[in-house]
Amino acid sequence: MIGLAAVCLLGFATQRGGTCAVASIVELVSERRPGRLLALIEASVLVGGGLVLLSALGLLPIIPRGYATSAATVAGGVVLGIGAFCNRSCAIGTIARIGSGQWAYLATPIGFFLGSLAMSRMAAPEHLAGKSLVLDAPGWVAIVCILILALRLATHGWRAWRTGHGPLRYFWSPHVATSISGVAFLVVLLTVGGWTYTETLGELARGRPFDTMRASLLLVALMAGAVLGGWTVGLRPKVPTAARTGRCLVGGGLMGIGAALIPGGSDGLVFVGMPLLWPYAWLSFASMCVTIYVAVLLARPR
């Protein structure tokens with residue numbers, strides 16, 4: 001039940017934060033502001049710091065293993081970026097779009113599954129033998145993480161008081177909400193493991209056994225949290241058009257192919273691979289962002 005509540009909060013915070021790699025790059029190109037991109041990286045850092053603390057307390061859950069870095073890692077990031085740009089949203093941002101009532105994005109997970117299905121016979125990259133540096137961090141690193149977390153919380157408290165708009169309005173602002181999504185995912189890790197909806201779709205496509213009821217409940221909780229987040233700011237459902245739905249289906253399919261090459265979708269990279277400092281996750285995320293950046297520049301009106 002705690003895990004379901006954490007997944008619901010993750011969906012809520014994702015919608016309120018507008019967490020999305022595509023939106024981050026668009027903001028960087030059009031407004032010259034790296035705010036959303038830094039928020040995504042901060043969410044990863046929060047999860048990583050939380051893992052250090054859990055390891056020091058002996059509460060570390062079972063952590064997914066990393067993968068070897070290869071040319072497929074970069075290629076997967078490129079294809080993932082092309083798919084995200086075509087979809088106009090990454091895997092994380094898709095949940096936020098659905099929560100906002102943009103029902104055409106329900107086709108994205110379907111496309112992701114079909115893309116994963118097309119790659120289901122491909123051999124998975126080699127697992128890394130060693131543990132993450134984050135999990136072997138010495139005790140003093142845990143103390144540093146506590147100090148940084150306390151300082152960050154104090155900073156947020158001071159800013160919430162200074163704005164004068166009330167703490168709820170501040171804490172559900174886009175940047176802070178993205179950080180809250182990172183904290184929510186830590187609770188998800190602790191209670192139900194490193195679950196992401198893209199990983200579930202990938203496992204389903206590869207025909208691997210998994211708890212269908214558990215995965216379905218987590219997916220429903222994620223969507224319910226996103227819709228609740230959209231409802232709190234005024235849900236405005238948009239009737240899906242054939243063109244928009246087709247674009248989401250194709251974009252989701254490309255993201256499924258890219259995730260199979262890496263392997264991992266943008267949600268798994270941001271909330272699992274990058275916090276654990278796996279090189280493959282940072283390399284594929286960087287190649288995805290560069291691809292989106294180039295695509296946004298090329299698509300700008302002359």
# chains A, B, ... in the order shown; residues from 1 in each chain; ligands from 1
$ closest_atom_pairs --of "segment 93-139 of chain A" --to "segment 185-197 of chain A" --cutoff "12 Å" --atoms "only C-alpha atoms" --output "tab-separated table"
residue	atom	partner	partner_atom	distance
A:Thr94	CA	A:Tyr197	CA	11.1
A:Ile95	CA	A:Tyr197	CA	9.8
A:Thr108	CA	A:Tyr197	CA	11.8
A:Pro109	CA	A:Tyr197	CA	8.7
A:Ile110	CA	A:Tyr197	CA	11.7
A:Phe112	CA	A:Tyr197	CA	10.4
A:Phe113	CA	A:Tyr197	CA	10.5
$ select_by_dssp --residues "segment 67-255 of chain A" --states "helix (DSSP H, G or I)" --output "JSON, numbers by chain"
{"A": [71, 72, 73, 74, 75, 76, 77, 78, 79, 80, 81, 82, 83, 84, 85, 86, 87, 91, 92, 93, 94, 95, 96, 97, 98, 99, 103, 104, 105, 106, 107, 108, 109, 110, 111, 112, 113, 114, 115, 116, 117, 118, 139, 140, 141, 142, 143, 144, 145, 146, 147, 148, 149, 150, 151, 152, 153, 154, 155, 156, 157, 158, 159, 160, 161, 162, 163, 167, 168, 169, 170, 171, 174, 175, 176, 177, 178, 179, 180, 181, 182, 183, 184, 185, 186, 187, 188, 189, 190, 191, 192, 197, 198, 199, 200, 201, 202, 203, 204, 205, 206, 212, 213, 214, 215, 216, 217, 218, 219, 220, 221, 222, 223, 224, 225, 226, 227, 228, 229, 230, 231, 232, 242, 243, 244, 245, 246, 247, 248, 249, 250, 251, 252, 253, 254, 255]}
$ residues_around --residues "Leu201 of chain A" --least-positions-apart "3" --cutoff "12 Å" --atoms "only C-alpha atoms" --output "PyMOL selection string"
chain A and resi 91+108-117+120+195-198+204-210+212+215-216+219+252-253+255-257+259-260+264-265
$ residues_around --residues "segment 19-24 of chain A" --least-positions-apart "4" --cutoff "10 Å" --atoms "only C-alpha atoms" --output "ChimeraX atom specification"
/A:13-15,28-29,33-40,81,84-97,174-175,177-179,181,266-267,270,285,288-289,292-293,296
$ atom_distance --atom1 "atom CA of Gly17 of chain A" --atom2 "atom CA of Leu254 of chain A"
24.7 Å
$ closest_residue --among "A:Val294, A:Ala129, A:Ala107, A:Met122" --to "Gly66 of chain A" --atoms "only C-alpha atoms"
A:Ala129
$ atom_distance --atom1 "atom CA of Lys238 of chain A" --atom2 "atom CA of Val220 of chain A"
20.5 Å
$ atom_distance --atom1 "atom CA of Leu57 of chain A" --atom2 "atom CA of Leu217 of chain A"
29.3 Å
$ closest_residue --among "A:Leu261, A:Ala154, A:Val26, A:Ile82" --to "Arg300 of chain A" --atoms "only C-alpha atoms"
A:Val26
$ closest_residue --among "A:Leu53, A:Leu106, A:Ile180, A:Leu133" --to "Cys145 of chain A" --atoms "only C-alpha atoms"
A:Leu53
